[in-house]
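**Student:** I am sharing protein_28.cif, which consists of mmCIF, C-alpha atoms:
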```cif
data_my_file
#
loop_
_atom_site.label_atom_id
_atom_site.label_comp_id
_atom_site.auth_asym_id
_atom_site.auth_seq_id
_atom_site.Cartn_x
_atom_site.Cartn_y
_atom_site.Cartn_z
CA MET E 1 140.68 -106.41 -157.96
CA ASN E 2 139.86 -106.27 -154.28
CA ARG E 3 141.56 -108.47 -151.70
CA ILE E 4 138.77 -110.95 -151.30
CA CYS E 5 138.55 -111.54 -155.03
CA LYS E 6 142.27 -111.96 -155.38
CA ARG E 7 142.33 -114.52 -152.64
CA SER E 8 139.64 -116.65 -154.17
CA VAL E 9 141.46 -116.64 -157.47
CA VAL E 10 144.53 -117.94 -155.70
CA LEU E 11 142.47 -120.56 -153.89
CA VAL E 12 140.79 -121.80 -157.03
CA ALA E 13 144.10 -121.92 -158.82
CA LEU E 14 145.74 -123.85 -155.99
CA PHE E 15 142.90 -126.29 -155.41
CA ALA E 16 141.35 -126.85 -158.76
CA ALA E 17 139.07 -129.58 -157.39
CA ALA E 18 137.49 -127.24 -154.87
CA PRO E 19 134.15 -125.73 -155.82
CA ALA E 20 133.97 -122.01 -156.57
CA ALA E 21 132.64 -121.43 -153.03
CA ALA E 22 135.23 -119.40 -151.21
CA GLU E 23 136.23 -122.02 -148.68
CA THR E 24 139.40 -124.00 -148.26
CA ALA E 25 138.74 -127.74 -148.29
CA PRO E 26 139.75 -129.53 -145.05
CA GLY E 27 142.62 -131.41 -146.72
CA ALA E 28 143.94 -128.21 -148.27
CA VAL E 29 144.38 -126.05 -145.19
CA ALA E 30 148.06 -125.19 -144.96
CA VAL E 31 149.36 -125.34 -141.41
CA ASP E 32 152.71 -123.65 -141.30
CA ASP E 33 154.75 -123.43 -138.13
CA MET E 34 151.71 -124.07 -135.91
CA ALA E 35 149.65 -121.38 -137.64
CA VAL E 36 147.09 -121.06 -140.42
CA ALA E 37 147.70 -117.58 -141.75
CA GLN E 38 144.83 -117.37 -144.24
CA PRO E 39 141.17 -117.45 -143.20
CA ILE E 40 139.59 -120.67 -144.47
CA SER E 41 136.30 -119.00 -145.35
CA GLU E 42 135.98 -115.81 -147.32
CA ALA E 43 132.89 -114.97 -145.32
CA GLY E 44 135.16 -113.90 -142.47
CA GLY E 45 134.65 -114.36 -138.75
CA ASP E 46 131.80 -113.07 -136.61
CA PRO E 47 132.58 -113.19 -132.87
CA VAL E 48 128.91 -113.14 -131.84
CA ALA E 49 128.12 -116.18 -134.00
CA GLY E 50 131.39 -117.73 -132.78
CA ARG E 51 130.31 -117.44 -129.15
CA LYS E 52 127.22 -119.49 -130.01
CA VAL E 53 129.19 -122.14 -131.90
CA PHE E 54 131.56 -122.35 -128.94
CA ALA E 55 128.78 -123.08 -126.45
CA ASP E 56 126.50 -125.22 -128.64
CA ARG E 57 126.74 -128.87 -127.61
CA GLY E 58 126.05 -130.01 -131.16
CA LEU E 59 128.69 -127.75 -132.70
CA GLY E 60 131.88 -126.71 -130.90
CA ASN E 61 130.85 -128.05 -127.50
CA CYS E 62 134.07 -126.40 -126.37
CA LEU E 63 132.76 -126.15 -122.80
CA ALA E 64 132.87 -129.95 -122.59
CA CYS E 65 136.59 -129.55 -122.03
CA HIS E 66 137.23 -125.86 -121.34
CA VAL E 67 136.22 -123.40 -118.65
CA ASN E 68 135.37 -119.99 -120.06
CA ALA E 69 134.30 -117.22 -117.67
CA ASP E 70 132.74 -115.26 -120.54
CA LEU E 71 130.05 -117.98 -120.68
CA LYS E 72 129.61 -118.32 -116.94
CA SER E 73 125.83 -118.74 -117.25
CA GLU E 74 126.52 -122.12 -118.87
CA LEU E 75 126.79 -124.80 -116.20
CA PHE E 76 129.14 -127.75 -116.31
CA GLN E 77 132.35 -126.54 -117.86
CA GLY E 78 134.97 -129.21 -118.39
CA THR E 79 138.55 -129.33 -117.14
CA VAL E 80 140.11 -131.61 -119.76
CA GLY E 81 141.76 -128.61 -121.44
CA PRO E 82 143.02 -125.34 -119.95
CA ALA E 83 140.66 -122.48 -119.09
CA LEU E 84 140.32 -120.21 -122.11
CA ASP E 85 140.09 -116.93 -120.23
CA GLY E 86 142.57 -114.53 -121.80
CA VAL E 87 143.37 -116.95 -124.62
CA GLY E 88 143.27 -114.05 -127.09
CA ASP E 89 146.32 -112.61 -125.33
CA ARG E 90 148.25 -115.86 -125.46
CA TRP E 91 147.83 -116.77 -129.13
CA GLU E 92 147.67 -114.96 -132.47
CA ALA E 93 144.56 -115.43 -134.62
CA ALA E 94 146.56 -117.57 -137.05
CA GLN E 95 147.61 -119.88 -134.22
CA LEU E 96 144.11 -120.08 -132.81
CA ARG E 97 142.94 -121.04 -136.30
CA ALA E 98 145.47 -123.88 -136.41
CA ILE E 99 144.38 -125.06 -132.95
CA VAL E 100 140.70 -125.16 -133.91
CA VAL E 101 141.30 -126.63 -137.40
CA ASN E 102 143.50 -129.46 -136.12
CA ALA E 103 144.93 -129.17 -132.61
CA LYS E 104 147.29 -132.07 -133.33
CA THR E 105 149.36 -129.81 -135.57
CA VAL E 106 150.02 -127.57 -132.58
CA PHE E 107 149.94 -129.82 -129.49
CA GLY E 108 151.08 -133.08 -131.08
CA PRO E 109 149.32 -136.35 -131.94
CA GLU E 110 148.47 -137.25 -128.35
CA THR E 111 146.25 -134.26 -127.63
CA MET E 112 142.67 -134.96 -126.65
CA MET E 113 141.39 -131.89 -128.49
CA PRO E 114 139.54 -132.97 -131.66
CA GLY E 115 140.37 -131.48 -135.05
CA PHE E 116 137.30 -129.42 -135.83
CA TYR E 117 138.10 -128.92 -139.51
CA SER E 118 140.09 -132.01 -140.31
CA LEU E 119 139.44 -135.35 -141.95
CA ASP E 120 142.37 -136.89 -140.11
CA VAL E 121 140.04 -138.73 -137.71
CA GLY E 122 139.67 -142.06 -135.91
CA VAL E 123 138.53 -145.40 -137.38
CA ASP E 124 134.93 -146.57 -137.87
CA VAL E 125 133.43 -143.09 -138.15
CA ALA E 126 129.64 -143.37 -137.90
CA GLU E 127 127.79 -143.04 -141.20
CA GLU E 128 126.27 -139.64 -140.41
CA PHE E 129 129.70 -138.12 -139.73
CA LYS E 130 131.67 -139.78 -142.52
CA ASP E 131 133.83 -137.43 -144.61
CA LYS E 132 132.42 -134.50 -142.67
CA THR E 133 134.19 -132.03 -140.46
CA ILE E 134 132.84 -131.23 -136.99
CA LEU E 135 132.57 -127.54 -137.85
CA SER E 136 132.14 -125.75 -141.17
CA ALA E 137 134.84 -123.38 -142.44
CA LYS E 138 132.59 -120.46 -141.53
CA ASP E 139 132.05 -121.84 -137.99
CA VAL E 140 135.82 -122.07 -137.57
CA GLU E 141 136.32 -118.46 -138.61
CA ASP E 142 133.53 -117.37 -136.26
CA VAL E 143 135.05 -119.27 -133.33
CA VAL E 144 138.51 -117.87 -134.06
CA ALA E 145 137.05 -114.35 -134.17
CA TYR E 146 135.38 -115.02 -130.83
CA LEU E 147 138.55 -116.43 -129.23
CA THR E 148 140.48 -113.29 -130.16
CA THR E 149 138.00 -111.31 -128.03
CA LEU E 150 138.89 -113.30 -124.89
CA LYS E 151 141.38 -110.87 -123.40
CA GLY E 152 142.61 -110.32 -119.87
CA GLU E 153 142.46 -112.98 -117.16
CA MET W 154 117.42 -114.51 -109.84
CA LYS W 155 120.39 -113.03 -108.11
CA ASN W 156 120.85 -116.27 -106.17
CA ARG W 157 120.79 -118.29 -109.33
CA THR W 158 123.42 -116.11 -110.90
CA LEU W 159 125.53 -116.39 -107.80
CA ALA W 160 125.14 -120.16 -107.75
CA ALA W 161 126.13 -120.37 -111.40
CA LEU W 162 129.12 -118.18 -110.72
CA ALA W 163 130.10 -120.35 -107.78
CA VAL W 164 130.07 -123.43 -109.99
CA VAL W 165 132.26 -121.75 -112.56
CA LEU W 166 134.65 -120.50 -109.92
CA LEU W 167 134.78 -123.97 -108.41
CA LEU W 168 135.57 -125.52 -111.74
CA ALA W 169 138.01 -122.79 -112.65
CA GLY W 170 139.83 -123.07 -109.34
CA PRO W 171 142.83 -125.28 -108.68
CA THR W 172 141.26 -128.06 -110.65
CA THR W 173 143.51 -130.92 -109.67
CA ALA W 174 142.44 -130.85 -106.04
CA LEU W 175 138.78 -130.39 -106.89
CA ALA W 176 138.68 -132.96 -109.63
CA ASP W 177 140.38 -135.68 -107.62
CA PRO W 178 138.18 -138.62 -106.74
CA VAL W 179 137.21 -138.83 -103.06
CA SER W 180 139.06 -141.10 -100.68
CA GLU W 181 136.27 -142.68 -98.69
CA ALA W 182 135.46 -146.13 -97.33
CA LEU W 183 132.56 -148.08 -98.81
CA GLU W 184 130.64 -150.77 -97.03
CA ILE W 185 127.53 -152.45 -98.44
CA ASP W 186 125.39 -154.72 -96.24
CA GLY W 187 128.29 -154.99 -93.79
CA GLU W 188 130.60 -156.08 -96.61
CA ALA W 189 133.79 -154.02 -97.00
CA ILE W 190 134.22 -152.96 -100.61
CA VAL W 191 137.73 -152.45 -101.97
CA THR W 192 137.52 -149.23 -103.98
CA GLU W 193 141.26 -148.59 -104.23
CA ALA W 194 143.82 -151.30 -104.87
CA PRO W 195 147.41 -151.58 -106.06
CA ALA W 196 147.39 -152.13 -109.82
CA PRO W 197 148.06 -155.70 -110.99
CA LYS W 198 151.77 -156.31 -111.65
CA GLU W 199 151.37 -159.04 -114.27
CA PRO W 200 151.48 -158.65 -117.20
CA PRO W 201 153.65 -155.56 -116.66
CA GLY W 202 152.78 -152.12 -117.94
CA HIS W 203 149.62 -151.13 -116.05
CA PRO W 204 149.28 -147.36 -116.51
CA PHE W 205 148.25 -146.63 -112.90
CA ASP W 206 149.85 -147.34 -109.53
CA VAL W 207 146.45 -147.51 -107.89
CA VAL W 208 143.24 -148.65 -109.52
CA LYS W 209 140.09 -146.89 -108.39
CA SER W 210 136.44 -147.70 -108.48
CA GLY W 211 134.11 -145.41 -110.43
CA TRP W 212 132.22 -145.03 -107.14
CA LEU W 213 134.93 -142.64 -105.88
CA TYR W 214 134.24 -140.25 -108.76
CA ARG W 215 130.52 -139.90 -108.22
CA GLU W 216 128.60 -137.22 -106.34
CA PRO W 217 127.85 -137.77 -102.62
CA ASP W 218 124.16 -138.63 -103.16
CA THR W 219 125.01 -141.19 -105.85
CA ARG W 220 127.65 -142.71 -103.56
CA ALA W 221 125.18 -142.88 -100.69
CA MET W 222 122.61 -144.60 -102.89
CA GLU W 223 125.02 -147.41 -103.68
CA ALA W 224 126.15 -147.75 -100.07
CA ASP W 225 122.61 -148.54 -98.90
CA SER W 226 121.14 -151.55 -100.66
CA PHE W 227 117.60 -150.47 -99.66
CA GLU W 228 118.18 -147.23 -101.55
CA ASN W 229 119.92 -148.87 -104.50
CA PRO W 230 117.31 -149.14 -107.27
CA GLY W 231 119.41 -151.81 -108.97
CA MET W 232 118.56 -154.20 -106.14
CA LEU W 233 115.05 -154.56 -107.60
CA ASN W 234 116.67 -155.94 -110.76
CA VAL W 235 118.78 -158.28 -108.65
CA GLU W 236 115.61 -159.55 -106.97
CA HIS W 237 114.05 -160.11 -110.36
CA GLY W 238 117.26 -161.89 -111.38
CA GLU W 239 116.68 -164.31 -108.52
CA VAL W 240 113.19 -165.05 -109.86
CA VAL W 241 114.68 -165.77 -113.29
CA TRP W 242 117.32 -168.01 -111.67
CA ASN W 243 114.54 -170.16 -110.23
CA THR W 244 112.24 -170.15 -113.26
CA VAL W 245 112.06 -173.22 -115.46
CA ALA W 246 112.55 -172.43 -119.14
CA GLY W 247 113.14 -174.49 -122.29
CA GLU W 248 112.34 -178.01 -123.39
CA ALA W 249 114.59 -179.70 -120.83
CA GLY W 250 112.30 -178.37 -118.10
CA LYS W 251 115.12 -176.93 -116.04
CA SER W 252 115.96 -173.67 -114.31
CA CYS W 253 119.42 -172.43 -113.38
CA ALA W 254 118.67 -173.63 -109.87
CA SER W 255 118.02 -177.18 -111.13
CA CYS W 256 121.73 -177.55 -111.86
CA HIS W 257 123.35 -174.93 -109.61
CA GLY W 258 121.12 -174.94 -106.54
CA ASP W 259 121.47 -172.00 -104.19
CA ALA W 260 123.29 -169.23 -106.00
CA ALA W 261 124.50 -167.75 -102.72
CA GLU W 262 126.74 -170.81 -102.47
CA SER W 263 127.32 -172.02 -106.02
CA MET W 264 127.85 -168.57 -107.57
CA GLN W 265 129.89 -166.97 -104.79
CA GLY W 266 133.10 -165.64 -106.35
CA VAL W 267 132.14 -166.69 -109.86
CA GLY W 268 131.34 -163.18 -111.09
CA ALA W 269 134.71 -161.93 -109.83
CA SER W 270 136.60 -164.37 -112.08
CA TYR W 271 134.92 -163.51 -115.38
CA PRO W 272 135.58 -163.17 -118.29
CA LYS W 273 136.94 -166.69 -118.34
CA TRP W 274 138.49 -168.86 -121.05
CA ASN W 275 135.97 -171.22 -122.65
CA ALA W 276 137.89 -174.04 -124.32
CA LYS W 277 134.92 -175.38 -126.24
CA ALA W 278 134.12 -172.03 -127.84
CA GLY W 279 137.81 -171.13 -128.17
CA LYS W 280 137.24 -167.67 -126.76
CA PRO W 281 136.65 -165.88 -123.48
CA PHE W 282 133.12 -165.99 -122.09
CA ASP W 283 131.49 -163.39 -119.92
CA ILE W 284 128.57 -164.18 -117.64
CA GLU W 285 126.06 -163.32 -120.37
CA LEU W 286 127.65 -165.76 -122.86
CA GLN W 287 127.86 -168.46 -120.19
CA ILE W 288 124.16 -167.99 -119.38
CA ASN W 289 123.32 -168.34 -123.06
CA ALA W 290 125.46 -171.47 -123.32
CA CYS W 291 123.60 -172.98 -120.35
CA ARG W 292 120.26 -172.04 -121.87
CA THR W 293 120.96 -173.61 -125.24
CA ALA W 294 122.97 -176.69 -124.17
CA GLN W 295 121.42 -177.57 -120.80
CA MET W 296 117.95 -176.04 -120.80
CA LYS W 297 117.14 -176.36 -124.51
CA ALA W 298 115.91 -172.79 -124.37
CA GLU W 299 116.48 -169.86 -126.70
CA PRO W 300 119.57 -167.77 -125.97
CA TYR W 301 118.77 -164.29 -124.70
CA LYS W 302 118.90 -161.44 -127.15
CA PHE W 303 121.46 -158.82 -126.16
CA ASP W 304 120.18 -156.70 -123.30
CA ALA W 305 116.94 -158.62 -122.78
CA GLN W 306 115.86 -157.50 -119.30
CA ASP W 307 116.08 -161.09 -118.00
CA GLN W 308 119.65 -161.35 -119.28
CA VAL W 309 120.72 -158.15 -117.57
CA ASP W 310 118.94 -158.92 -114.29
CA LEU W 311 120.16 -162.51 -114.13
CA THR W 312 123.73 -161.37 -114.83
CA ALA W 313 123.41 -158.80 -112.05
CA TYR W 314 122.04 -161.46 -109.68
CA ILE W 315 124.98 -163.77 -110.40
CA LYS W 316 127.57 -160.98 -110.08
CA HIS W 317 125.92 -159.78 -106.88
CA GLN W 318 126.82 -163.14 -105.27
CA SER W 319 130.44 -161.90 -105.47
CA LEU W 320 129.76 -158.57 -103.78
CA GLY W 321 132.96 -157.46 -102.07
CA ILE W 322 135.16 -160.12 -103.66
CA PRO W 323 138.09 -158.62 -105.61
CA VAL W 324 138.13 -159.10 -109.38
CA LYS W 325 140.80 -161.56 -110.51
CA ILE W 326 140.77 -163.21 -113.91
CA ASP W 327 142.84 -166.13 -115.14
CA LEU W 328 144.99 -164.89 -118.00
CA SER W 329 147.02 -168.10 -118.09
CA ALA W 330 144.09 -170.17 -119.35
CA GLY W 331 143.94 -171.08 -123.05
CA ASP W 332 144.57 -168.18 -125.35
CA MET W 333 143.56 -165.46 -122.89
CA MET W 334 146.78 -163.51 -123.31
CA SER W 335 146.24 -162.94 -127.02
CA TRP W 336 142.74 -161.65 -126.22
CA TRP W 337 144.22 -159.42 -123.53
CA GLN W 338 146.64 -158.04 -126.14
CA LYS W 339 143.85 -157.50 -128.67
CA GLY W 340 141.85 -155.73 -126.00
CA LYS W 341 144.80 -153.54 -125.15
CA ASP W 342 145.27 -152.56 -128.80
CA ARG W 343 141.60 -151.69 -128.96
CA TYR W 344 141.84 -149.63 -125.75
CA TYR W 345 144.39 -147.35 -127.37
CA LEU W 346 142.72 -147.29 -130.80
CA ARG W 347 141.31 -143.90 -131.65
CA THR W 348 137.83 -144.06 -133.10
CA GLY W 349 135.27 -141.79 -134.65
CA GLN W 350 135.11 -138.23 -135.87
CA LEU W 351 136.16 -137.01 -132.41
CA ASN W 352 139.22 -139.25 -132.58
CA PHE W 353 139.27 -140.52 -128.98
CA ALA W 354 140.55 -143.81 -127.62
CA CYS W 355 139.30 -145.32 -124.35
CA ALA W 356 142.61 -144.14 -122.92
CA SER W 357 141.92 -140.53 -123.97
CA CYS W 358 139.11 -140.33 -121.44
CA HIS W 359 139.87 -143.00 -118.82
CA GLU W 360 143.67 -142.82 -118.66
CA ALA W 361 144.97 -139.44 -119.83
CA ASN W 362 142.06 -137.52 -118.35
CA SER W 363 140.60 -139.58 -115.53
CA GLY W 364 139.91 -137.29 -112.59
CA ARG W 365 139.02 -134.39 -114.87
CA TYR W 366 135.59 -133.16 -115.87
CA LEU W 367 134.16 -133.69 -119.32
CA ARG W 368 131.18 -131.34 -119.04
CA ALA W 369 129.19 -132.73 -116.09
CA ASP W 370 130.97 -136.08 -116.13
CA HIS W 371 133.76 -136.72 -113.69
CA LEU W 372 135.90 -139.10 -115.73
CA SER W 373 136.78 -142.29 -113.87
CA GLN W 374 139.28 -144.99 -114.80
CA GLY W 375 136.43 -146.79 -116.59
CA ASN W 376 136.55 -149.97 -114.54
CA SER W 377 134.05 -152.79 -115.02
CA ASN W 378 133.72 -154.08 -111.44
CA GLY W 379 130.24 -152.61 -110.89
CA PHE W 380 128.45 -154.06 -113.93
CA PRO W 381 125.64 -154.40 -114.71
CA THR W 382 125.41 -150.90 -113.26
CA TYR W 383 122.30 -148.94 -112.32
CA ARG W 384 122.42 -145.70 -114.30
CA LEU W 385 120.30 -142.87 -112.96
CA LYS W 386 120.27 -141.31 -116.43
CA GLN W 387 118.71 -144.44 -117.95
CA GLY W 388 116.68 -145.46 -114.91
CA ASN W 389 117.72 -149.05 -115.46
CA LEU W 390 120.58 -151.46 -115.16
CA VAL W 391 123.09 -151.09 -117.97
CA SER W 392 125.18 -154.01 -119.19
CA LEU W 393 128.92 -153.69 -119.76
CA HIS W 394 128.71 -154.07 -123.53
CA ASN W 395 125.96 -151.47 -123.62
CA ARG W 396 128.32 -149.09 -121.80
CA PHE W 397 131.23 -149.96 -124.12
CA ARG W 398 129.04 -149.28 -127.14
CA GLY W 399 127.83 -145.99 -125.64
CA CYS W 400 131.38 -144.83 -124.99
CA VAL W 401 132.45 -145.72 -128.55
CA ARG W 402 129.34 -144.03 -129.97
CA ASP W 403 130.29 -140.89 -128.05
CA THR W 404 133.42 -140.68 -130.18
CA ARG W 405 131.04 -140.49 -133.18
CA ALA W 406 132.03 -143.97 -134.32
CA GLU W 407 129.97 -147.00 -135.26
CA PRO W 408 130.45 -149.30 -132.24
CA PRO W 409 131.28 -153.02 -132.58
CA LYS W 410 128.40 -155.41 -131.85
CA ALA W 411 127.79 -156.71 -128.34
CA PHE W 412 129.79 -159.92 -127.66
CA SER W 413 131.83 -159.36 -130.85
CA ASP W 414 135.47 -160.42 -130.66
CA GLU W 415 136.43 -156.74 -130.36
CA LEU W 416 134.27 -156.16 -127.30
CA MET W 417 135.10 -159.52 -125.70
CA ALA W 418 138.80 -158.68 -126.01
CA LEU W 419 138.12 -155.25 -124.55
CA GLU W 420 136.21 -156.85 -121.67
CA VAL W 421 139.19 -159.10 -120.84
CA TYR W 422 141.59 -156.17 -120.90
CA VAL W 423 139.32 -153.79 -118.95
CA ALA W 424 138.63 -156.45 -116.30
CA TRP W 425 142.39 -156.87 -115.87
CA ARG W 426 142.88 -153.12 -115.53
CA GLY W 427 140.50 -153.18 -112.57
CA GLU W 428 141.83 -156.30 -110.86
CA GLY W 429 141.86 -155.99 -107.10
CA LEU W 430 138.69 -153.90 -106.94
CA SER W 431 135.69 -155.54 -105.32
CA VAL W 432 132.70 -156.56 -107.36
CA GLU W 433 130.10 -153.84 -106.65
CA THR W 434 127.21 -155.13 -108.73
CA PRO W 435 124.81 -153.46 -108.93
CA ALA W 436 126.86 -150.24 -108.75
CA VAL W 437 125.02 -146.92 -108.97
CA ARG W 438 126.30 -144.37 -111.46
CA GLN W 439 124.89 -141.16 -112.90
#
```
Output the structure of this file as structure tokens.
**Tutor:**
Amino acid sequence: MNRICKRSVVLVALFAAAPAAAETAPGAVAVDDMAVAQPISEAGGDPVAGRKVFADRGLGNCLACHVNADLKSELFQGTVGPALDGVGDRWEAAQLRAIVVNAKTVFGPETMMPGFYSLDVGVDVAEEFKDKTILSAKDVEDVVAYLTTLKGE
Amino acid sequence: MKNRTLAALAVVLLLAGPTTALADPVSEALEIDGEAIVTEAPAPKEPPGHPFDVVKSGWLYREPDTRAMEADSFENPGMLNVEHGEVVWNTVAGEAGKSCASCHGDAAESMQGVGASYPKWNAKAGKPFDIELQINACRTAQMKAEPYKFDAQDQVDLTAYIKHQSLGIPVKIDLSAGDMMSWWQKGKDRYYLRTGQLNFACASCHEANSGRYLRADHLSQGNSNGFPTYRLKQGNLVSLHNRFRGCVRDTRAEPPKAFSDELMALEVYVAWRGEGLSVETPAVRQ
């Protein structure tokens, strides 16, 4: 049995309610010591797709809060969070995954950074966003793959 | 092409630079029609617990051209709405055959300072009233006219006209009247309540991050002293409850209805947070 297969067997066994699709449900992502060791989508991460998710205002919209020199053609980069240049040097992939999945597990409950793959959200969520995560599991893996490429200041 | 790239790079470098200095609001004097406008004031001391030492007008956070537009009332597009508000003030409506002027005469005298003291406890209704609710009460009880629907242009313009009579006068509301303090408390709870899929409270943007950039928006303290405000983006005056609802919607939440208890409580609390700042209506914002 190859690795990917083995992992989905484990996932299905652990989360019997989850569909056969090789994704970890938002409530089932295990954050351990500020890290999510296992990818949450079997499809793996694609840094090129992740760069798009990062910049897209309807998806990650990460530039709303973060400066990122790798995307310098995009105007209006926010300063609510730290600049992400060299972030791939500062954090392991598993930590970056935890930050994107639910930043509160890493920075504490007061952080402004939304949980992009979490249903632990605010009250009165608008109908169109109810019980939905901001990003899909695949988007998260793509963004994490992209973040790991941001090396050197 | 090369210039564009350079310009883009410059913007990024600017934003990436020592952001605190660059993101700070300006410290600049504002005068409108010879009237000195207080844009920075010591935070109110009572009730205790104001998060800032100094409260600041949203004007200080805007770009130079937007600031200039507000400083010159001939350039301020919101003044056209104020002029229309004056027409509405003098127009007879309803079965009683009265206008606002029939009872209140010259607004320049009768309404001076009024806008700076709202929202205000209304004993009969048992809740705080803002100018819009007071106008509707006058229309139904005194004029025998229909109340305005939320954000009817006449409602917004008339509110702006009334508030404009307090231009320069510092906001000060009476929290000792009736049950105002419990509304203040409810408004405070709401201010720190996280809403929506993005999980932000008012305080996430206007307290923890005021002075920083959220994309192209320079986050202010979210004060209400300039409302109704002319928004360049909308090309129209925007009422306070419209702004509240927009900010809540931006958290990907379903916003409370205009003039609901939630938003009235929020209005009381937000007005208090900005006490000491001059009324700027109609302010100009992006």
**Student:** Just to confirm, what's the straight-line distance from CA of Lys132 (chain E) to CA of Phe116 (chain E) in Å (one decimal)?
**Tutor:** 9.8 Å
**Student:** Running the PyMOL selection byres ((chain E) within 6 of (chain W)) on this model by hand, what would come out? Give it as a VMD selection string.
**Tutor:** chain E and resid 64 to 65 76 to 80 114 121 to 126
**Student:** At what distance in Å, to one decimal, does CA of Ala94 (chain E) lie from CA of Gly44 (chain E)?
**Tutor:**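 Taking CA of Gly44 (chain E) as the start and CA of Ala94 (chain E) as the end point, the length is 13.1 Å.
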**Student:** Quote the spacing between CA of Lys341 (chain W) and CA of Asn102 (chain E) in Å to one decimal place.
**Tutor:**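 Interatomic distance, CA of Lys341 (chain W) to CA of Asn102 (chain E): 26.5 Å.
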**Student:** Hey, can you pull every residue with an atom no more than 12 Å from (146.2, -118.8, -144.5), using only C-alpha atoms, and send it as a list in words?
**Tutor:**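 Selection result: Arg7, Ser8, Val10, Leu11, Glu23, Thr24, Ala28, Val29, Ala30, Val31, Asp32, Asp33, Met34, Ala35, Val36, Ala37, Gln38, Pro39, Ile40, Ser41, Glu42, Ala93, Ala94, Gln95, Leu96, Arg97, Ala98, Val101 and Glu141 of chain E.
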**Student:** To verify the selection step, state as a list in words which residues the PyMOL selection byres ((chain W and resi 377) around 8) yields on this input.
**Tutor:** Gly375, Asn376, Asn378, Gly379, Phe380, Leu393, Val423, Ala424 and Gly427 of chain W
**Student:** Just C-alpha atoms for this one: save the residues we selected as a PDB file, in the coordinates of the input.
**Tutor:**
```pdb
ATOM      1  CA  GLY W 375     136.430-146.790-116.590  1.00  0.00           C
ATOM      2  CA  ASN W 376     136.550-149.970-114.540  1.00  0.00           C
ATOM      3  CA  ASN W 378     133.720-154.080-111.440  1.00  0.00           C
ATOM      4  CA  GLY W 379     130.240-152.610-110.890  1.00  0.00           C
ATOM      5  CA  PHE W 380     128.450-154.060-113.930  1.00  0.00           C
ATOM      6  CA  LEU W 393     128.920-153.690-119.760  1.00  0.00           C
ATOM      7  CA  VAL W 423     139.320-153.790-118.950  1.00  0.00           C
ATOM      8  CA  ALA W 424     138.630-156.450-116.300  1.00  0.00           C
ATOM      9  CA  GLY W 427     140.500-153.180-112.570  1.00  0.00           C
TER      10      GLY W 427
END
```
**Student:** Can you list, as a list in words, the residues that the PyMOL selection byres ((chain W and resi 207) around 8) selects here?
**Tutor:**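 Given this file, the PyMOL selection byres ((chain W and resi 207) around 8) evaluates to Glu193, Ala194, Pro195, Ala196, Phe205, Asp206, Val208 and Lys209 of chain W.
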